[in-house]
Amino acid sequence: MFEIISYETEDKICPVGDFLNTLEPKLLAKTMKTIDLLEENGNKLRKPYSEYIEDGIFELRVIQALNIIRILYFFVVGKKAILTNGFVKKTQKTPKSEIKITKKCKTDYERRYGHEKI
């Protein structure tokens with residue numbers, strides 16, 4: 001089992017939590033089931049549920065009816081997955097702006113918890 005952690009800024013802002021709070025109940029339920037799969041399978045989770053993006057960043061993939069949700073995350077030592085941000089996917093490629101947010105969160109997390117760095 002992997003520990004799932006929602007990234008928080010030093011000001012206690014949780015981007016992925018804020019995103020999850022915007023989802024309608026059925027979509028939230030399916031997203032939470034996919035997060036449970038990540039908890040159970042960790043870095044062994046693959047398509048259609050997870051895909052590697054770049055620089056140690058992965059995306060959780062959720063499709064429910066016409067909604068396509070992505071939650072970006074990375075792993076740290078100790079079987080931990082850090083969920084950073086989520087978005088409704090509207091284009092074929094993952095937006096660079098979302099990847100940039102995750103990279104910033106990853107850098108911040110590693111700065112604050114460097115002893116857990118991969």
# chains A, B, ... in the order shown; residues from 1 in each chain; ligands from 1
call {"tool": "residues_around", "arguments": {"residues": "Thr34 in chain A", "least_positions_apart": "4", "cutoff": "8 Å", "atoms": "only C-alpha atoms", "output": "PyMOL selection string"}}
result
chain A and resi 30+38+49+60-62
call {"tool": "residues_around", "arguments": {"residues": "range 75-81 of chain A", "least_positions_apart": "5", "cutoff": "10 Å", "atoms": "only C-alpha atoms", "output": "number ranges by chain"}}
result
A: 1-7, 35, 38-39, 42-43, 56-58, 106, 109-110, 113-118
call {"tool": "atom_distance", "arguments": {"atom1": "CA of Ala29 in chain A", "atom2": "CA of Lys12 in chain A"}}
result
24.4 Å
call {"tool": "closest_atom_pairs", "arguments": {"of": "range 60-113 of chain A", "to": "range 13-27 of chain A", "cutoff": "7 Å", "atoms": "only C-alpha atoms", "output": "Markdown table"}}
result
| residue | atom | partner | partner_atom | distance |
| --- | --- | --- | --- | --- |
| A:Gln64 | CA | A:Leu27 | CA | 6.3 |
| A:Leu83 | CA | A:Val16 | CA | 6.5 |
| A:Thr84 | CA | A:Val16 | CA | 5.5 |
| A:Asn85 | CA | A:Val16 | CA | 4.2 |
| A:Gly86 | CA | A:Val16 | CA | 5.6 |
call {"tool": "select_by_dssp", "arguments": {"residues": "range 27-106 of chain A", "states": "alpha helix (DSSP H)", "output": "list in words"}}
result
Leu27, Leu28, Ala29, Lys30, Thr31, Met32, Lys33, Thr34, Ile35, Asp36, Leu37, Leu38, Glu39, Glu40, Asn41, Lys96, Ser97, Glu98, Ile99, Lys100, Ile101, Thr102, Lys103, Lys104, Cys105 and Lys106 of chain A
call {"tool": "residues_around", "arguments": {"residues": "range 90-95 of chain A", "least_positions_apart": "2", "cutoff": "9 Å", "atoms": "only C-alpha atoms", "output": "list in words"}}
result
Ile53, Asn67, Ile68, Arg70, Val88, Ser97, Glu98, Ile99 and Lys100 of chain A
call {"tool": "select_by_dssp", "arguments": {"residues": "range 22-112 of chain A", "states": "strand (DSSP E)", "output": "ChimeraX atom specification"}}
result
/A:50-54,57-64,67-76,80-88
call {"tool": "closest_residue", "arguments": {"among": "A:Pro48, A:Thr102, A:Ile69, A:Lys96", "to": "Ile82 in chain A", "atoms": "only C-alpha atoms"}}
result
A:Thr102
call {"tool": "atom_distance", "arguments": {"atom1": "CA of Glu59 in chain A", "atom2": "CA of Leu72 in chain A"}}
result
4.4 Å
call {"tool": "closest_residue", "arguments": {"among": "A:Glu8, A:Arg112, A:Ile101, A:Lys33", "to": "Ile63 in chain A", "atoms": "only C-alpha atoms"}}
result
A:Lys33
